[in-house]
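A.B. asks: I have a structure I would like to understand better, so I am pasting it below and will then ask my questions one at a time.
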Amino acid sequence: MTMTVQQPVRTRTTPLTEYTRYKVFTQRQMDQIKALEVLPEEQRFEMQVVAQILPFRVNEYVINELIDWDNVPADPVFQLTFPQRDMVAPEDFEQMANLLKQGAERKEIMQLAGQIHGRLNPHPAGQQEMNVPIYEDEPLGGMQHKYRETVLFFPSQGQVCHSYCTFCFRWAQFVGNTELRFASHEAEKLHGYLKAHPEVTDILFTGGDPMVMRTRHWQNYLEPFLAPELTHVQTIRIGTKSLTFWPQRYVYDDDADELLQLLEKLVKSGKHVALMAHFNHWQEMQTPIVREAIRRIRATGTVIRTQAPLINHINNDPQIWADMWREQIQLGLIPYYMFVERDTGAKRYFEVPLARTYEVYQQAIQQVSGLARTARGPSMSAGPGKIEIQGITELQGEKVFVLRFIQGRNPDWVQKPFFAKYDPEATWFDQLVPAFGEEKFFFTDEYAAMSGQDELIF
Ligand code: SF4
């Protein structure tokens, strides 16, 4: 095969990064992180307490090249990766802190952590109950088919990330409870299911972060898409935060070139290959290595679209979003989604009222040129579908949220505007009620019938 993947521009005098060997720290190695020594001991202890409950994993590149330690604790990447006391409820914090102070056994710590996990809504929006596809009369674990055109696949080799985000809505996968984990190693079942479903046009590989997978696994999963029986799957999407946490994946990893060659082969065969890159802040896109990774990926013909939730303490500011979207346009990326922080995990620390989220979106989008206005939002991946807040207005004398489905369990719901009573405190769709005194939203009964449950999961 002709090698057209571009070589990285690196010389001895202009290293792209000091960190080409992946070295990671988890909760057990937290006290080996030199940079943390600038923090008071009490704060380090608090971080240890929270790290017993929520997942913690960070690598040297993030620590040394993405975090501005003169700006800690406010630094957005520090907030993105390091645990903070208020991420857990005060009573849970106290209980766990006491166990640590008493030198409790690991088993006891894990037991308490497990109890706390159960209170943190580990599987929001009915994912486990409603979205598992059936193939040859068997449920396919590690896959979700929620919307007609799109199948999500969770490869078992991609169920971790190069670092963990403190606000992660998939945190449950990382805390050792295998019951809460989506993962499939069955490439054949994926391809078999898709061959039997010609209505599916998009496959989304997600995780964890599937970009932690070696290229040989990617080859197993992706090369079959070149076969004529899978022509209907036109778009291959890969959800990843690797451009932030480990851009070396595309430049220095020993199978980086093969990965890029594979992407290029898919593009040349006519597939649309889209890297759905997760960036929360412009600070994540400043290093030479991330810019080089972007350049190399784009050279394969892969499109990079960007998405992120709006998160308190990290990017709750229109200026940050406007600057981030501008930077992305400059780098040839396409802003795609602003999400609402999901109702799970450490949401008490990160959540932002829907009204404020919409305000940030509006003020940010007003500042950028048309090319960056491709960013949709703010959107909630709720049980019935992906719901976008389109505006806040007054109708028939009532202040309302204007909403629409971007995706719906029933495609007929998509694009239909609907209205919820304005609530300045609400942070998720399940806290909203229909406007104009109506009892239900237009889809409530149909969704209830689909979910087969008395209590609806929003
Ligand atoms: S990269 Fe995505 S899946 Fe991984 S920790 Fe962050 S939000 Fe979670």
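Here, A, B, ... name the chains of the structure tokens in the order displayed, residue numbers run from 1 inside each chain, and ligands are numbered from 1 in the same displayed order.
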Name each residue within 7 Å of ligand 1, counting only C-alpha atoms and all ligand atoms, as a list in words.
C.D. replies: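 Counting only what the definition allows, namely only C-alpha atoms and all ligand atoms, the set is Val160, Cys161, Ser163, Tyr164, Cys165, Phe167, Cys168, Phe169, Arg170, Trp171, Gly207, Gly208, Asp209, Thr240 and Lys241 of chain A.
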A.B. asks: Can you list, as an NGL selection string, every residue of stretch 281-400 of chain A that DSSP puts in strand (DSSP E or B)?
C.D. replies: :A and (303-310 or 334-340 or 376-381 or 385-395 or 398-400)
A.B. asks: So that each row is one residue of stretch 399-449 of chain A with an atom at most 8 Å from stretch 379-395 of chain A, can you give its shortest atom pair and the distance in Å to one decimal, using only C-alpha atoms, rows by chain and rising number, as JSON lines?
C.D. replies:
{"residue": "A:Lys399", "atom": "CA", "partner": "A:Glu394", "partner_atom": "CA", "distance": 4.3}
{"residue": "A:Val400", "atom": "CA", "partner": "A:Thr393", "partner_atom": "CA", "distance": 5.6}
{"residue": "A:Phe401", "atom": "CA", "partner": "A:Ile392", "partner_atom": "CA", "distance": 4.6}
{"residue": "A:Val402", "atom": "CA", "partner": "A:Gly391", "partner_atom": "CA", "distance": 5.0}
{"residue": "A:Leu403", "atom": "CA", "partner": "A:Ile389", "partner_atom": "CA", "distance": 4.8}
{"residue": "A:Arg404", "atom": "CA", "partner": "A:Glu388", "partner_atom": "CA", "distance": 5.4}
{"residue": "A:Phe405", "atom": "CA", "partner": "A:Ile387", "partner_atom": "CA", "distance": 4.5}
{"residue": "A:Ile406", "atom": "CA", "partner": "A:Lys386", "partner_atom": "CA", "distance": 5.4}
{"residue": "A:Gln407", "atom": "CA", "partner": "A:Lys386", "partner_atom": "CA", "distance": 4.9}
{"residue": "A:Gly408", "atom": "CA", "partner": "A:Gly385", "partner_atom": "CA", "distance": 4.1}
{"residue": "A:Arg409", "atom": "CA", "partner": "A:Pro384", "partner_atom": "CA", "distance": 5.7}
{"residue": "A:Tyr422", "atom": "CA", "partner": "A:Ile392", "partner_atom": "CA", "distance": 7.6}
{"residue": "A:Trp428", "atom": "CA", "partner": "A:Met380", "partner_atom": "CA", "distance": 7.5}
{"residue": "A:Phe429", "atom": "CA", "partner": "A:Ala382", "partner_atom": "CA", "distance": 7.1}
{"residue": "A:Tyr447", "atom": "CA", "partner": "A:Pro384", "partner_atom": "CA", "distance": 6.4}
A.B. asks: Stretch 46-196 of chain A: which residues are helix (DSSP H, G or I) by DSSP, as an mmCIF file with C-alpha atoms, in the first residue's frame?
C.D. replies:
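Output file part30.cif is given in full below:
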data_model
loop_
_atom_site.group_PDB
_atom_site.id
_atom_site.type_symbol
_atom_site.label_atom_id
_atom_site.label_comp_id
_atom_site.auth_asym_id
_atom_site.auth_seq_id
_atom_site.Cartn_x
_atom_site.Cartn_y
_atom_site.Cartn_z
ATOM 1 C CA GLU A 46 -9.379 15.541 50.272
ATOM 2 C CA MET A 47 -8.387 14.484 46.772
ATOM 3 C CA GLN A 48 -7.479 11.036 48.086
ATOM 4 C CA VAL A 49 -10.890 10.753 49.752
ATOM 5 C CA VAL A 50 -12.782 11.614 46.571
ATOM 6 C CA ALA A 51 -10.542 9.373 44.466
ATOM 7 C CA GLU A 60 2.315 12.782 32.660
ATOM 8 C CA TYR A 61 1.547 14.721 29.496
ATOM 9 C CA VAL A 62 -1.668 16.116 30.994
ATOM 10 C CA ILE A 63 0.044 16.944 34.272
ATOM 11 C CA ASN A 64 3.078 18.637 32.818
ATOM 12 C CA GLU A 65 1.937 20.160 29.535
ATOM 13 C CA LEU A 66 -1.769 20.893 29.899
ATOM 14 C CA TRP A 69 0.150 24.797 38.050
ATOM 15 C CA ASP A 70 0.388 28.521 38.856
ATOM 16 C CA ASN A 71 -3.370 28.636 38.326
ATOM 17 C CA PRO A 76 -9.639 24.089 33.869
ATOM 18 C CA VAL A 77 -7.566 21.008 33.057
ATOM 19 C CA PHE A 78 -6.816 20.509 36.757
ATOM 20 C CA GLN A 79 -10.563 20.641 37.405
ATOM 21 C CA LEU A 80 -11.097 18.303 34.472
ATOM 22 C CA THR A 81 -8.802 15.609 35.809
ATOM 23 C CA ARG A 85 -13.879 17.750 47.735
ATOM 24 C CA ASP A 86 -17.305 19.068 46.687
ATOM 25 C CA MET A 87 -17.711 16.437 43.991
ATOM 26 C CA PRO A 90 -20.638 16.165 52.501
ATOM 27 C CA GLU A 91 -21.934 13.143 54.443
ATOM 28 C CA ASP A 92 -20.351 10.718 51.957
ATOM 29 C CA PHE A 93 -17.113 12.663 52.093
ATOM 30 C CA GLU A 94 -17.026 12.562 55.897
ATOM 31 C CA GLN A 95 -17.694 8.839 56.027
ATOM 32 C CA MET A 96 -14.963 8.038 53.538
ATOM 33 C CA ALA A 97 -12.521 10.481 55.182
ATOM 34 C CA ASN A 98 -13.088 8.752 58.539
ATOM 35 C CA LEU A 99 -12.373 5.347 57.040
ATOM 36 C CA LEU A 100 -9.101 6.605 55.562
ATOM 37 C CA LYS A 101 -8.087 8.278 58.834
ATOM 38 C CA ARG A 106 -9.382 -1.893 51.320
ATOM 39 C CA LYS A 107 -12.459 -4.115 51.435
ATOM 40 C CA GLU A 108 -14.272 -1.738 53.767
ATOM 41 C CA ILE A 109 -13.349 1.266 51.626
ATOM 42 C CA MET A 110 -14.591 -0.471 48.490
ATOM 43 C CA GLN A 111 -17.825 -1.417 50.235
ATOM 44 C CA LEU A 112 -18.582 2.163 51.188
ATOM 45 C CA ALA A 113 -17.580 3.369 47.733
ATOM 46 C CA GLY A 114 -20.020 0.847 46.237
ATOM 47 C CA GLN A 115 -22.869 2.168 48.400
ATOM 48 C CA ILE A 116 -22.115 5.739 47.351
ATOM 49 C CA HIS A 117 -21.940 4.724 43.669
ATOM 50 C CA GLY A 118 -25.488 3.409 43.897
ATOM 51 C CA PRO A 124 -28.640 7.682 33.339
ATOM 52 C CA ALA A 125 -31.355 7.842 30.647
ATOM 53 C CA GLY A 126 -32.333 4.182 30.666
ATOM 54 C CA GLN A 127 -29.284 3.089 28.685
ATOM 55 C CA GLN A 128 -29.118 -0.385 30.131
ATOM 56 C CA GLU A 129 -32.798 -1.104 29.997
ATOM 57 C CA MET A 130 -33.807 0.185 26.596
ATOM 58 C CA SER A 156 -13.912 -4.226 25.021
ATOM 59 C CA GLN A 157 -10.353 -3.096 24.328
ATOM 60 C CA GLY A 158 -11.438 0.546 24.533
ATOM 61 C CA TRP A 171 -17.678 6.946 35.342
ATOM 62 C CA ALA A 172 -19.506 3.761 36.404
ATOM 63 C CA GLN A 173 -17.441 1.803 33.890
ATOM 64 C CA PHE A 174 -14.227 2.843 35.562
ATOM 65 C CA THR A 178 -18.416 -4.907 35.864
ATOM 66 C CA GLU A 179 -22.213 -5.056 35.968
ATOM 67 C CA LEU A 180 -22.240 -1.391 35.050
ATOM 68 C CA ALA A 187 -16.578 -7.935 16.038
ATOM 69 C CA GLU A 188 -18.448 -10.646 14.107
ATOM 70 C CA LYS A 189 -21.689 -9.973 15.950
ATOM 71 C CA LEU A 190 -21.364 -6.267 15.288
ATOM 72 C CA HIS A 191 -20.851 -6.820 11.571
ATOM 73 C CA GLY A 192 -23.568 -9.505 11.442
ATOM 74 C CA TYR A 193 -26.070 -7.219 13.142
ATOM 75 C CA LEU A 194 -25.252 -4.348 10.792
ATOM 76 C CA LYS A 195 -25.563 -6.548 7.703
#
A.B. asks: Measure the distance from atom CA of A:Val132 to atom CA of A:Asn410 in Å and round it to one decimal.
C.D. replies: 16.2 Å
A.B. asks: For each of A:Leu243, A:Val251, A:Ala196, A:Leu262, take the minimum atom-to-atom distance to A:Met276, counting only C-alpha atoms, then give the residue where this is smallest.
C.D. replies: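 Distance minimum relative to A:Met276 lands on A:Leu243.
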A.B. asks: With a distance cut-off of 6 Å and only C-alpha atoms, select the neighbouring residues of stretch 305-310 of chain A, excluding the residue or stretch itself and same-chain residues fewer than 6 positions from it, and output the selection as JSON, numbers by chain.
C.D. replies: {"A": [276, 277, 278, 279, 280, 333, 334, 335, 336, 337, 338, 339, 340, 341]}
A.B. asks: In Å, how far is it from atom CA of A:Val72 to atom CA of A:Leu39?
C.D. replies: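 The value is 8.5 Å.
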A.B. asks: Quick one: of A:Thr231, A:Gln319, A:Ser269, A:Asp75, who's nearest to A:Gly301, counting only C-alpha atoms?
C.D. replies: A:Ser269
A.B. asks: So which residues touch A:Trp325 within 8 Å, counting only C-alpha atoms, skipping near sequence neighbours fewer than 3 positions away, as number ranges by chain?
C.D. replies: A: 321-322, 328-329, 335, 368, 372
A.B. asks: Which of these, A:Glu149, A:Glu18, A:Asp31, A:Asp423, has the shortest distance to A:Phe45 once you count only C-alpha atoms?
C.D. replies: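 The answer is A:Asp31, which sits nearest to A:Phe45.
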A.B. asks: Quick one: everything within 10 Å of A:Glu199, counting only C-alpha atoms, minus sequence neighbours fewer than 6 positions away in the same chain. Send it as a list in words.
C.D. replies: Arg148, Glu149, Thr150, His232 and Val233 of chain A
A.B. asks: Write out as a VMD selection string each polymer residue whose atoms come within 6 Å of stretch 430-441 of chain A, counting only C-alpha atoms; drop sequence neighbours fewer than 3 positions from it.
C.D. replies: chain A and resid 419 to 421 426 444 458
